[in-house]
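A.B. asks: The structure file target24.cif (mmCIF, N, CA and C atoms and all ligand atoms) is provided below.
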```cif
data_target
#
loop_
_atom_site.label_atom_id
_atom_site.label_comp_id
_atom_site.auth_asym_id
_atom_site.auth_seq_id
_atom_site.Cartn_x
_atom_site.Cartn_y
_atom_site.Cartn_z
N MET A 1 9.44 -15.17 2.67
CA MET A 1 9.76 -13.76 2.88
C MET A 1 8.86 -12.89 2.00
N LEU A 2 8.41 -11.79 2.56
CA LEU A 2 7.54 -10.88 1.82
C LEU A 2 8.35 -9.73 1.24
N ILE A 3 8.07 -9.44 -0.02
CA ILE A 3 8.76 -8.33 -0.65
C ILE A 3 7.75 -7.37 -1.27
N CYS A 4 8.17 -6.15 -1.45
CA CYS A 4 7.30 -5.15 -2.06
C CYS A 4 7.43 -5.22 -3.57
N PRO A 5 6.32 -5.43 -4.28
CA PRO A 5 6.39 -5.54 -5.74
C PRO A 5 6.83 -4.24 -6.41
N VAL A 6 6.57 -3.13 -5.76
CA VAL A 6 6.97 -1.85 -6.36
C VAL A 6 8.48 -1.64 -6.22
N CYS A 7 8.99 -1.86 -5.03
CA CYS A 7 10.42 -1.69 -4.80
C CYS A 7 11.23 -2.65 -5.66
N ASN A 8 10.66 -3.79 -5.93
CA ASN A 8 11.38 -4.81 -6.67
C ASN A 8 11.04 -4.83 -8.16
N GLY A 9 10.20 -3.92 -8.58
CA GLY A 9 9.90 -3.79 -9.99
C GLY A 9 9.18 -4.97 -10.59
N ILE A 10 8.42 -5.69 -9.76
CA ILE A 10 7.73 -6.88 -10.25
C ILE A 10 6.49 -6.51 -11.05
N VAL A 11 5.74 -5.60 -10.53
CA VAL A 11 4.52 -5.17 -11.23
C VAL A 11 4.52 -3.65 -11.35
N GLU A 12 3.79 -3.19 -12.32
CA GLU A 12 3.53 -1.76 -12.43
C GLU A 12 2.35 -1.48 -11.51
N TYR A 13 2.65 -0.93 -10.37
CA TYR A 13 1.59 -0.67 -9.40
C TYR A 13 0.93 0.66 -9.73
N THR A 14 -0.38 0.63 -9.81
CA THR A 14 -1.11 1.84 -10.12
C THR A 14 -1.96 2.25 -8.93
N ALA A 15 -1.74 3.43 -8.45
CA ALA A 15 -2.56 3.97 -7.39
C ALA A 15 -3.62 4.88 -8.01
N ILE A 16 -4.78 4.88 -7.41
CA ILE A 16 -5.87 5.72 -7.91
C ILE A 16 -6.07 6.88 -6.96
N CYS A 17 -6.11 8.06 -7.50
CA CYS A 17 -6.29 9.26 -6.68
C CYS A 17 -7.68 9.23 -6.04
N PRO A 18 -7.75 9.39 -4.73
CA PRO A 18 -9.05 9.37 -4.05
C PRO A 18 -9.90 10.60 -4.38
N ILE A 19 -9.30 11.60 -4.94
CA ILE A 19 -10.03 12.84 -5.22
C ILE A 19 -10.57 12.86 -6.65
N CYS A 20 -9.68 12.64 -7.62
CA CYS A 20 -10.11 12.76 -9.02
C CYS A 20 -10.17 11.42 -9.74
N LYS A 21 -9.77 10.35 -9.07
CA LYS A 21 -9.84 9.00 -9.63
C LYS A 21 -8.88 8.76 -10.78
N ASN A 22 -7.98 9.65 -10.99
CA ASN A 22 -6.97 9.41 -12.00
C ASN A 22 -5.88 8.52 -11.42
N SER A 23 -5.12 7.91 -12.32
CA SER A 23 -4.00 7.10 -11.84
C SER A 23 -2.87 8.03 -11.39
N MET A 24 -2.19 7.58 -10.36
CA MET A 24 -1.16 8.40 -9.75
C MET A 24 0.21 7.78 -10.00
N LYS A 25 1.20 8.62 -9.94
CA LYS A 25 2.57 8.14 -10.02
C LYS A 25 2.99 7.60 -8.66
N VAL A 26 3.59 6.42 -8.66
CA VAL A 26 4.10 5.87 -7.41
C VAL A 26 5.54 6.32 -7.25
N LEU A 27 5.79 6.95 -6.13
CA LEU A 27 7.13 7.50 -5.87
C LEU A 27 7.89 6.58 -4.93
N ASP A 28 8.90 7.13 -4.32
CA ASP A 28 9.76 6.33 -3.46
C ASP A 28 9.07 5.90 -2.18
N ARG A 29 9.71 5.00 -1.51
CA ARG A 29 9.22 4.55 -0.21
C ARG A 29 9.21 5.70 0.77
N VAL A 30 8.26 5.65 1.67
CA VAL A 30 8.14 6.68 2.69
C VAL A 30 9.41 6.75 3.53
N GLU A 31 10.03 5.63 3.76
CA GLU A 31 11.21 5.59 4.62
C GLU A 31 12.31 6.50 4.12
N TYR A 32 12.36 6.71 2.81
CA TYR A 32 13.40 7.55 2.25
C TYR A 32 13.26 9.00 2.68
N TYR A 33 12.09 9.34 3.16
CA TYR A 33 11.81 10.74 3.47
C TYR A 33 11.73 11.00 4.96
N TYR A 34 12.16 10.06 5.73
CA TYR A 34 12.02 10.18 7.18
C TYR A 34 12.51 11.52 7.71
N ASP A 35 13.60 11.98 7.17
CA ASP A 35 14.18 13.20 7.71
C ASP A 35 13.40 14.45 7.33
N GLU A 36 12.68 14.38 6.22
CA GLU A 36 12.04 15.59 5.70
C GLU A 36 10.58 15.71 6.13
N TYR A 37 9.97 14.62 6.44
CA TYR A 37 8.55 14.65 6.76
C TYR A 37 8.32 14.17 8.18
N SER A 38 7.38 14.77 8.84
CA SER A 38 6.92 14.17 10.08
C SER A 38 5.78 13.24 9.71
N LEU A 39 5.90 12.02 10.12
CA LEU A 39 4.96 11.01 9.65
C LEU A 39 3.78 10.87 10.62
N ASN A 40 3.12 11.97 10.84
CA ASN A 40 2.01 11.96 11.77
C ASN A 40 0.92 10.98 11.36
N GLN A 41 0.67 10.93 10.06
CA GLN A 41 -0.40 10.07 9.60
C GLN A 41 0.07 8.64 9.39
N GLU A 42 1.32 8.39 9.64
CA GLU A 42 1.85 7.05 9.40
C GLU A 42 2.56 6.51 10.64
N GLN A 43 1.98 6.71 11.78
CA GLN A 43 2.63 6.27 13.00
C GLN A 43 2.70 4.75 13.09
N ASP A 44 1.86 4.09 12.31
CA ASP A 44 1.86 2.63 12.38
C ASP A 44 3.04 2.02 11.61
N LEU A 45 3.87 2.87 11.04
CA LEU A 45 5.05 2.35 10.37
C LEU A 45 5.93 1.55 11.32
N ASN A 46 5.82 1.85 12.59
CA ASN A 46 6.68 1.17 13.55
C ASN A 46 6.07 -0.10 14.12
N ASP A 47 4.83 -0.36 13.77
CA ASP A 47 4.23 -1.58 14.32
C ASP A 47 4.32 -2.73 13.33
N ILE A 48 3.61 -3.77 13.59
CA ILE A 48 3.80 -5.00 12.84
C ILE A 48 3.33 -4.90 11.39
N SER A 49 2.43 -3.98 11.11
CA SER A 49 1.92 -3.85 9.75
C SER A 49 3.03 -3.46 8.78
N LYS A 50 4.10 -2.95 9.32
CA LYS A 50 5.25 -2.60 8.50
C LYS A 50 5.76 -3.80 7.70
N ASP A 51 5.57 -4.98 8.27
CA ASP A 51 6.04 -6.18 7.58
C ASP A 51 5.08 -6.64 6.49
N MET A 52 3.86 -6.15 6.53
CA MET A 52 2.86 -6.58 5.56
C MET A 52 2.73 -5.60 4.40
N TYR A 53 3.08 -4.37 4.64
CA TYR A 53 2.91 -3.35 3.62
C TYR A 53 4.21 -2.58 3.43
N CYS A 54 4.33 -2.00 2.26
CA CYS A 54 5.40 -1.06 2.01
C CYS A 54 4.73 0.28 1.71
N SER A 55 5.09 1.29 2.44
CA SER A 55 4.45 2.59 2.25
C SER A 55 5.18 3.39 1.18
N HIS A 56 4.43 3.84 0.22
CA HIS A 56 5.00 4.65 -0.85
C HIS A 56 4.24 5.95 -0.97
N TYR A 57 4.95 6.97 -1.40
CA TYR A 57 4.28 8.20 -1.77
C TYR A 57 3.74 8.05 -3.19
N CYS A 58 2.54 8.58 -3.39
CA CYS A 58 1.96 8.63 -4.73
C CYS A 58 1.63 10.08 -5.05
N TYR A 59 1.86 10.43 -6.28
CA TYR A 59 1.64 11.81 -6.68
C TYR A 59 0.59 11.88 -7.76
N CYS A 60 -0.40 12.74 -7.58
CA CYS A 60 -1.43 12.96 -8.59
C CYS A 60 -1.13 14.26 -9.32
N GLU A 61 -0.93 14.13 -10.62
CA GLU A 61 -0.62 15.32 -11.41
C GLU A 61 -1.83 16.22 -11.57
N MET A 62 -3.00 15.63 -11.54
CA MET A 62 -4.22 16.42 -11.72
C MET A 62 -4.49 17.31 -10.52
N CYS A 63 -4.32 16.73 -9.33
CA CYS A 63 -4.61 17.47 -8.10
C CYS A 63 -3.36 18.12 -7.52
N ASN A 64 -2.21 17.77 -8.06
CA ASN A 64 -0.95 18.24 -7.51
C ASN A 64 -0.85 17.88 -6.04
N LYS A 65 -1.23 16.65 -5.73
CA LYS A 65 -1.25 16.18 -4.36
C LYS A 65 -0.39 14.94 -4.21
N THR A 66 0.22 14.83 -3.06
CA THR A 66 0.97 13.62 -2.74
C THR A 66 0.32 12.94 -1.56
N ILE A 67 0.06 11.66 -1.71
CA ILE A 67 -0.51 10.89 -0.61
C ILE A 67 0.39 9.70 -0.32
N ILE A 68 0.13 9.06 0.80
CA ILE A 68 0.85 7.84 1.13
C ILE A 68 -0.08 6.66 0.88
N THR A 69 0.43 5.68 0.18
CA THR A 69 -0.36 4.48 -0.05
C THR A 69 0.40 3.27 0.47
N LYS A 70 -0.37 2.29 0.92
CA LYS A 70 0.26 1.07 1.40
C LYS A 70 0.18 0.01 0.31
N VAL A 71 1.32 -0.48 -0.08
CA VAL A 71 1.39 -1.51 -1.09
C VAL A 71 1.50 -2.86 -0.40
N ASP A 72 0.59 -3.76 -0.74
CA ASP A 72 0.66 -5.12 -0.17
C ASP A 72 1.93 -5.81 -0.62
N LYS A 73 2.64 -6.34 0.30
CA LYS A 73 3.81 -7.14 -0.05
C LYS A 73 3.37 -8.51 -0.54
N VAL A 74 4.19 -9.11 -1.39
CA VAL A 74 3.87 -10.43 -1.92
C VAL A 74 4.98 -11.40 -1.54
N LYS A 75 4.64 -12.67 -1.64
CA LYS A 75 5.65 -13.70 -1.34
C LYS A 75 6.70 -13.73 -2.42
N GLU A 76 7.92 -13.84 -2.02
CA GLU A 76 9.02 -13.83 -2.97
C GLU A 76 8.98 -15.08 -3.83
ZN ZN B 1 8.00 -0.67 -1.72
ZN ZN B 2 -6.15 13.59 -8.24
#
```
Any chance you could give the structure as structure tokens?
Ligand SMILES: [Zn+2]
Ligand SMILES: [Zn+2]

C.D. replies:
Amino acid sequence: MLICPVCNGIVEYTAICPICKNSMKVLDRVEYYYDEYSLNQEQDLNDISKDMYCSHYCYCEMCNKTIITKVDKVKE
């Protein structure tokens, strides 16, 4: 079974901001925000890749930007 290391607190996952290259804060899973966001850029959440990745929001304090990153799931 594959699990998300971030959701399970296994590793400190660090995302790098594509704009300023600073490390970003990893926030909650994208699924938690289904009601508030239209996931136009994440339509593949419904396909099979959903089982391979866990989508999380990441926040860059430098750019004040939130992006979605895919975290590779690992074997339990
Ligand atoms: Zn996760
Ligand atoms: Zn940034």

A.B. asks: Distance table requested - chain A against ligand ZN 1 (chain B), cut-off 5 Å, all atoms listed in the file: one row per qualifying residue with the closest atom pair and its distance in Å to one decimal, ordered by chain and rising residue number, as a tab-separated table.

C.D. replies:
```
residue	atom	partner	partner_atom	distance
A:Cys4	CA	B:ZN1	ZN	4.5
A:Val6	C	B:ZN1	ZN	4.6
A:Cys7	N	B:ZN1	ZN	3.7
A:Cys54	CA	B:ZN1	ZN	4.6
```

A.B. asks: Counting only C-alpha atoms, what is within 8 Å of Ser55 of chain A, bar same-chain residues fewer than 3 positions away, as a PyMOL selection string?

C.D. replies: chain A and resi 29-31+68-71

A.B. asks: Could you please determine the separation between atom C of Ser23 of chain A and atom CA of Tyr59 of chain A in Å, to one decimal place?

C.D. replies: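 Atom-to-atom, atom C of Ser23 of chain A to atom CA of Tyr59 of chain A, that is 7.5 Å.
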
A.B. asks: Taking only C-alpha atoms and all ligand atoms and a cut-off of 6 Å, can you tell me which residues surround ligand ZN 2 (chain B), written as a ChimeraX atom specification?

C.D. replies: /A:17,19-20,22,60,62-63

A.B. asks: When you draw a straight line from atom CA of Glu61 of chain A to atom N of Ile3 of chain A, how long is it in Å?

C.D. replies: 28.6 Å

A.B. asks: Just how far from atom C of Val74 of chain A is atom CA of Tyr53 of chain A, in Å to one decimal?

C.D. replies: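 Going from atom CA of Tyr53 of chain A over to atom C of Val74 of chain A, I get 9.8 Å.
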
A.B. asks: Rank A:Ala15, A:Cys58, A:Val26, A:Met52 by their smallest atom-to-atom distance to Asp72 of chain A, using all atoms listed in the file, and report the top residue only.

C.D. replies: A:Met52
